[in-house]
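See structure below.
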Amino acid sequence: MSHLPILVIAIPLLFAFLIPLISMLFPSVRRITVTAMGLVYAGLVGMMIWGYHAMGVDRVIYPLGGWGPDVGIVLELDALSAAFAGIMGLGILLVILYSQDYMEAAESKYYVLLFIVASGIMGIILTADFFNLYVFIEMSAIASFPLVAVSRRGTALFASLYYMVFTLVSSALILLGIILVYAATGSLNMGEVAAVFDTIPELTRASIVGSFVIGLSVKVALIPFHSWLPPAHAEAVSPISALLSGVLLKNGVYMLMRLLPIFGFGDGSLDVRTLLLVIGVLTVIGGNVLAMGQGNVKRILACSSVAHMGYIALGIGIGGALGFAGALFHSLNHMLMKAGAFFSVGCIADGSFELSGLRGAALRTRPAGITFAMSTAGLIGLPPFGSFASKIMIMFAAIDAGMIGIAAVLPAGAVLSAIYYGRVYQVLYAPSEREPDDVSISPWQTTIVLVVTAVGSIATLVWAGNLARIFATIADYLVG
Amino acid sequence: MRLRKIAAAILILVLTLALVGAIAELPSPDERVSQSALTQRIIGKGVVETGATNLVAAVLFDYRAFDTLGEATVIFAAVAGVVLMFYHAPLHPSAIGLSILAKRSLDVIGPFVFVAGMYIVVYGHISPGGGFQGGVILATLTILISIVYGLQEERRLLDPRFKTALESSAALLFMTVAFVGVFSGEYFLSNLGAGFFRGHPGSVLSGGAIPLLNVAIGLKVGAGLALVFYSMVKKEPE
Amino acid sequence: MGLSLAYWVVLLLFGMGLYCILTESNLIKIAVGINVMEAGLLLFLVRLSYSPGDLAPLMGPTTGPGIADPIPHALTLTAIVIAASTTALMLSLIIQIYRHYGTVDIEEIRSKMQ
């Protein structure tokens with residue numbers, strides 16, 4: 001165990017620094033090297049989670065440079081970090097494997113940025129220091145901007161800039177919150193701040209909570225701040241869409257779950273729970289309605305990501321162990337299914353994702369067509385797939401808390417999404433005159449990725465009982 | 001448009017007023033306030049614990065060195081992003097440089113700029129300065145060369161592949177220093193605890209790993225920013 | 001209100017930057033707005049570390065009674081580097097957008113994208 005928490009951050013960084021040298025000196029082996037690096041990264045994350053569970057302790061502290069939490073930066077691995085490390089690590093591995101054939105020209109820089117994102121995400125998950133959190137937020141964000149624009153089409157460049165402006169403003173708000181925390185408490189360690197947070201004067205506390213909640217809402221694309229998401233996720237190349245939707249959005253979810261308990265949910269000064277409930281309802285309905293008006297498959301998937309972030313916000317807003325557990329479970333499901341949908345659509349269509357040009361396309365590339373159907377059916381929330389279970393969990397949490405109106409939002413959202421995915425199916429699976437091309441999906445890595453996401457989306461329902469128990473334990477520990 | 005401006009102004013006014021209230025509750029810095037335990041600890045023991053007399057460097061490269069690794073990576077990511085944006089853009093053909101007067105002047109001041117940059121990097125732990133500041137000065141030298149001598153000449157002198165290699169190697173130097181702590185049975189980024197040379201605080205050879213990290217950051221920032229400038233001034237094919 | 005002058009400047013810079021981002025339609029001006037906003041935050045950080053009469057946190061033979069808090073200095077340096085990196089990246093995106101659309105005005109770009 002000893003050094004694993006730092007290794008999952010430092011090793012991908014080391015890879016990012018090595019890749020330019022490798023592609024300069026040994027260009028022939030760089031592709032296989034990158035696959036191997038991805039596997040090493042995922043292996044380290046897996047070993048860290050396994051080691052954590054084997055130790056059976058509440059939290060593992062890793063003091064960087066040997067300095068304790070009173071002067072230096074410490075990494076802290078607890079149940080919530082372990083759960084998110086698993087979700088994100090798997091997502092990143094899938095993206096790395098799937099990208100194999102994508103970037104011929106600028107390959108080395110593409111993978112440099114991908115590994116920096118991988119490292120930044122683990123940093124966000126593991127750090128127990130406010131300012132260090134800001135550094136890692138910026139690190140993973142800055143590496144993702146050029147990835148969105150990697151195709152260098154005009155629309156992609158503009159979408160990337162739009163995404164960048166929103167993200168930078170949200171980071172500035174988070175930095176403002178961190179400065180206020182330091183000014184009010186004289187400490188940056190999360191545990192120390194949590195211990196004295198109640199003693200901060202009323203208005204300052206409200207400002208801290210407010211700037212964090214607004215900043216994170218922009219990152220999670222909750223509805224008044226969602227407008228950056230559809231263009232960025234739709235204009236990026238498919239593996240990056242999967243990275244943004246499946247993995248990077250969960251950064252914000254993680255930070256909400258990590259920070260809100262520290263702030264005591266702003267109790268007394270600013271009622272974050274009610275705020276999240278209102279925004280969540282708006283986001284679920286608004287995201288789904290937005291998706292209905294789109295004529296581009298990737299934009300539909302992107303808008304549906306907005307709606308799914310709404311479900312997760314509802315889970316956090318309902319609060320209690322069940323709501324938190326539902327939100328966690330839904331994060332896992334959304335990662336698998338949305339990433340799977342973007343991966344499949346990348347195999348089905350090439351270049352243009354306008355529905356009008358894709359008549360019968362899913363039937364021509366059969367394997368990807370099947371996985372696309374499975375992932376999107378899962379996104380609607382149909383029974384044989386995992387997100388059925390997580391949505392039911394959030395619904396039960398709402399009923400338990402006596403919020404029947406909130407509980408009704410979830411089936412309503414599912415119906416709305418069934419309508420627009422139905423339209424997509426009508427086009428993609430329309431029988432066309434052209435014979436099936438019998439295209440096999442070229443690199444073996446892509447096949448593996450598609451199979452993993454498709455099997456995973458069912459497996460989460462098969463193991464729903466066990467997963468729900470794990471997530472409920474985490475939620476209990478968080479809510480206290 | 002006008003409506004939007006008014007809405008924005010009102011929104012910002014509300015936000016600012018909330019912040020005025022919040023800041024007014026904080027201890028005012030105009031009066032001497034007792035410093036937090038964290039600050040007192042670093043001011044009291046910083047020199048003994050890190051061997052650096054510049055406490056900002058002590059915080060930056062020892063107590064919070066992990067932040068520094070993060071920010072160095074941010075620069076690395078930004079450089080990779082800028083290079084990616086301008087990938088495949090050829091050199092501006094008309095970049096031939098300035099007159100002989102400017103060229104001879106640069107010949108004279110160039111070495112001094114280089115020495116100043118290196119001085120700020122190497123003395124970062126005992127006087128104001130450090131890797132980032134010195135690295136930026138080193139990068140301006142390459143900018144000066146490309147303006148005065150023209151981009152072709154700068155490219156001949158410092159190949160972009162060389163800069164990329166230098167940037168990556170400097171980053172690897174940082175990681176090597178960081179991993180010494182792991183292999184010596186201490187922790188990642190450990191400084192004096194990992195057996196780095198303490199020296200006599202206030203002299204150049206002191207502060208354990210801090211000067212090493214400063215040099216790594218200086219080279220990395222210098223090479224990285226030079227690459228950013230080089231990528232940006234290349235011209236897209238018509 | 002008994003707010004130190006520096007804090008008013010902080011709020012002014014922060015508000016001006018945000019206003020610029022929300023209302024301007026010129027991409028370069030939005031980039032400037034983000035930088036102004038960040039400058040406000042950095043000033044806030046630096047101001048936090050200092051009480052009147054403090055010396056710079058350089059320990060030497062002539063150490064005085066009050067030493068400025070070195071932590072915000074280090075944080076500021078980190079934040080400046082991050083801000084500079086994002087600015088470089090943002091400007092290169094804007095350069096590329098300009099090469100594609102021949103303008104840096106959001107409304108014009110939107111109309112050309114249709």
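Naming works like this for the structure tokens: A, B, ... for the chains as they're shown, residue 1 at the start of each chain, ligands 1 onward in shown order.
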Could you make a table, as a Markdown table, of the residues of chain A that have an atom within 8 Å of an atom of chain B, each with its nearest atom pair and distance in Å to one decimal, counting only C-alpha atoms, in chain and number order?
```
| residue | atom | partner | partner_atom | distance |
| --- | --- | --- | --- | --- |
| A:His3 | CA | B:Val182 | CA | 7.6 |
| A:Ile6 | CA | B:Phe188 | CA | 7.3 |
| A:Leu13 | CA | B:Thr73 | CA | 7.9 |
| A:Leu14 | CA | B:Leu172 | CA | 7.0 |
| A:Phe17 | CA | B:Ser168 | CA | 5.2 |
| A:Leu18 | CA | B:Ser168 | CA | 6.7 |
| A:Pro20 | CA | B:Ser168 | CA | 7.0 |
| A:Leu21 | CA | B:Ala165 | CA | 6.2 |
| A:Pro63 | CA | B:Tyr187 | CA | 7.0 |
| A:Leu64 | CA | B:Phe188 | CA | 5.6 |
| A:Gly65 | CA | B:Ser190 | CA | 3.6 |
| A:Gly66 | CA | B:Tyr187 | CA | 5.6 |
| A:Trp67 | CA | B:Tyr63 | CA | 6.7 |
| A:Asp70 | CA | B:Leu38 | CA | 6.6 |
| A:Val71 | CA | B:Leu38 | CA | 6.1 |
| A:Gly72 | CA | B:Tyr63 | CA | 4.9 |
| A:Ile73 | CA | B:Arg64 | CA | 6.1 |
| A:Ala106 | CA | B:Leu84 | CA | 6.7 |
| A:Lys109 | CA | B:Ala80 | CA | 5.7 |
| A:Tyr110 | CA | B:Leu84 | CA | 7.9 |
| A:Val112 | CA | B:Ala80 | CA | 7.4 |
| A:Leu113 | CA | B:Ala77 | CA | 6.2 |
| A:Ile116 | CA | B:Ala77 | CA | 7.1 |
| A:Phe131 | CA | B:Asp67 | CA | 7.9 |
| A:Asn132 | CA | B:Asp67 | CA | 5.7 |
| A:Val135 | CA | B:Gly70 | CA | 6.1 |
| A:Phe136 | CA | B:Gly70 | CA | 6.6 |
| A:Glu138 | CA | B:Val74 | CA | 7.3 |
| A:Met139 | CA | B:Val74 | CA | 5.2 |
| A:Ile142 | CA | B:Ala78 | CA | 6.7 |
| A:Ala143 | CA | B:Ala77 | CA | 5.4 |
| A:Phe145 | CA | B:Gly81 | CA | 7.8 |
| A:Pro146 | CA | B:Gly81 | CA | 5.1 |
| A:Leu147 | CA | B:Gly81 | CA | 7.8 |
| A:Ala149 | CA | B:Met85 | CA | 7.8 |
| A:Val150 | CA | B:Leu84 | CA | 7.3 |
| A:Arg152 | CA | B:Met85 | CA | 7.2 |
| A:Ala183 | CA | B:Leu26 | CA | 7.1 |
| A:Ala184 | CA | B:Leu26 | CA | 6.3 |
| A:Gly186 | CA | B:Ser36 | CA | 5.5 |
| A:Ser187 | CA | B:Leu38 | CA | 7.0 |
| A:Pro201 | CA | B:Glu25 | CA | 6.6 |
| A:Leu203 | CA | B:Ala22 | CA | 5.0 |
| A:Thr204 | CA | B:Ala22 | CA | 4.2 |
| A:Arg205 | CA | B:Ala22 | CA | 7.8 |
| A:Ser207 | CA | B:Ala22 | CA | 6.5 |
```
>> I need the chain C residues near chain A as a PyMOL selection string; criterion: at most 7 Å, counting only C-alpha atoms.
In response: chain C and resi 38+41+45+48+86+90+93+97+100
Limited to N, CA, C and O atoms, could you put the picked residues into a file as a PDB file, in the first residue's frame?
```pdb
ATOM      1  N   GLU C  38      -8.808  37.393 -12.532  1.00  0.00           N
ATOM      2  CA  GLU C  38      -7.792  36.637 -11.801  1.00  0.00           C
ATOM      3  C   GLU C  38      -6.826  37.574 -11.081  1.00  0.00           C
ATOM      4  O   GLU C  38      -6.381  37.275  -9.967  1.00  0.00           O
ATOM      5  N   LEU C  41      -8.209  38.414  -7.786  1.00  0.00           N
ATOM      6  CA  LEU C  41      -8.042  37.345  -6.798  1.00  0.00           C
ATOM      7  C   LEU C  41      -6.607  37.291  -6.283  1.00  0.00           C
ATOM      8  O   LEU C  41      -6.367  37.086  -5.094  1.00  0.00           O
ATOM      9  N   LEU C  45      -5.065  37.619  -2.443  1.00  0.00           N
ATOM     10  CA  LEU C  45      -4.148  36.686  -1.787  1.00  0.00           C
ATOM     11  C   LEU C  45      -2.930  37.412  -1.215  1.00  0.00           C
ATOM     12  O   LEU C  45      -2.524  37.187  -0.072  1.00  0.00           O
ATOM     13  N   LEU C  48      -3.665  39.535   1.822  1.00  0.00           N
ATOM     14  CA  LEU C  48      -3.925  38.757   3.032  1.00  0.00           C
ATOM     15  C   LEU C  48      -2.663  38.532   3.838  1.00  0.00           C
ATOM     16  O   LEU C  48      -2.704  38.410   5.059  1.00  0.00           O
ATOM     17  N   THR C  86      -3.090  29.361 -18.901  1.00  0.00           N
ATOM     18  CA  THR C  86      -4.410  29.354 -19.532  1.00  0.00           C
ATOM     19  C   THR C  86      -4.520  30.475 -20.544  1.00  0.00           C
ATOM     20  O   THR C  86      -5.131  30.301 -21.600  1.00  0.00           O
ATOM     21  N   MET C  90      -5.553  30.079 -24.331  1.00  0.00           N
ATOM     22  CA  MET C  90      -6.750  30.763 -24.824  1.00  0.00           C
ATOM     23  C   MET C  90      -6.421  31.611 -26.030  1.00  0.00           C
ATOM     24  O   MET C  90      -7.149  31.604 -27.031  1.00  0.00           O
ATOM     25  N   LEU C  93      -5.969  29.509 -29.098  1.00  0.00           N
ATOM     26  CA  LEU C  93      -7.273  29.115 -29.637  1.00  0.00           C
ATOM     27  C   LEU C  93      -7.894  30.272 -30.413  1.00  0.00           C
ATOM     28  O   LEU C  93      -8.448  30.082 -31.497  1.00  0.00           O
ATOM     29  N   ILE C  97      -9.086  30.449 -34.233  1.00  0.00           N
ATOM     30  CA  ILE C  97     -10.462  30.805 -34.599  1.00  0.00           C
ATOM     31  C   ILE C  97     -10.451  31.944 -35.598  1.00  0.00           C
ATOM     32  O   ILE C  97     -11.182  31.940 -36.588  1.00  0.00           O
ATOM     33  N   HIS C 100      -9.766  30.772 -38.976  1.00  0.00           N
ATOM     34  CA  HIS C 100     -10.885  30.066 -39.593  1.00  0.00           C
ATOM     35  C   HIS C 100     -11.981  31.006 -40.053  1.00  0.00           C
ATOM     36  O   HIS C 100     -12.548  30.848 -41.126  1.00  0.00           O
TER      37      HIS C 100
END
```
> Could you pull the residues within 10 Å of region 9-11 of chain B, counting only C-alpha atoms, minus those fewer than 6 positions along the same chain, as an NGL selection string?
Replying inline: (:B and (3)) or (:C and (15-16 or 18-20 or 22-23))
> Once you count only C-alpha atoms, which residues of chain C turn out to be within 9 Å of chain B? Could you give them as a VMD selection string?
Replying inline: chain C and resid 1 to 4 7 to 8 11 to 12 14 to 16 18 to 19 22 to 23 47 to 53 57 to 60 67 to 75 77 to 79 81 to 82 84 to 86 88 to 90 92 to 93 95 to 96 99
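Closest approach to Glu76 (chain A) among A:Val34, A:Ser170, A:Met190, A:Ser99: A:Met190, based on only C-alpha atoms.
If you look at CA of Val306 (chain A) and CA of Gly402 (chain A), they are 25.4 Å away from each other.
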>> Give me, as a ChimeraX atom specification, the residues of region 5-232 of chain B that a backbone DSSP run labels alpha helix (DSSP H).
In response: /B:5-25,37-50,55-58,65-85,100-122,131-148,151-157,160-183,210-232
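The interatomic distance for the pair CA of Val177 (chain B) and CA of Ile92 (chain A) works out to 27.5 Å.
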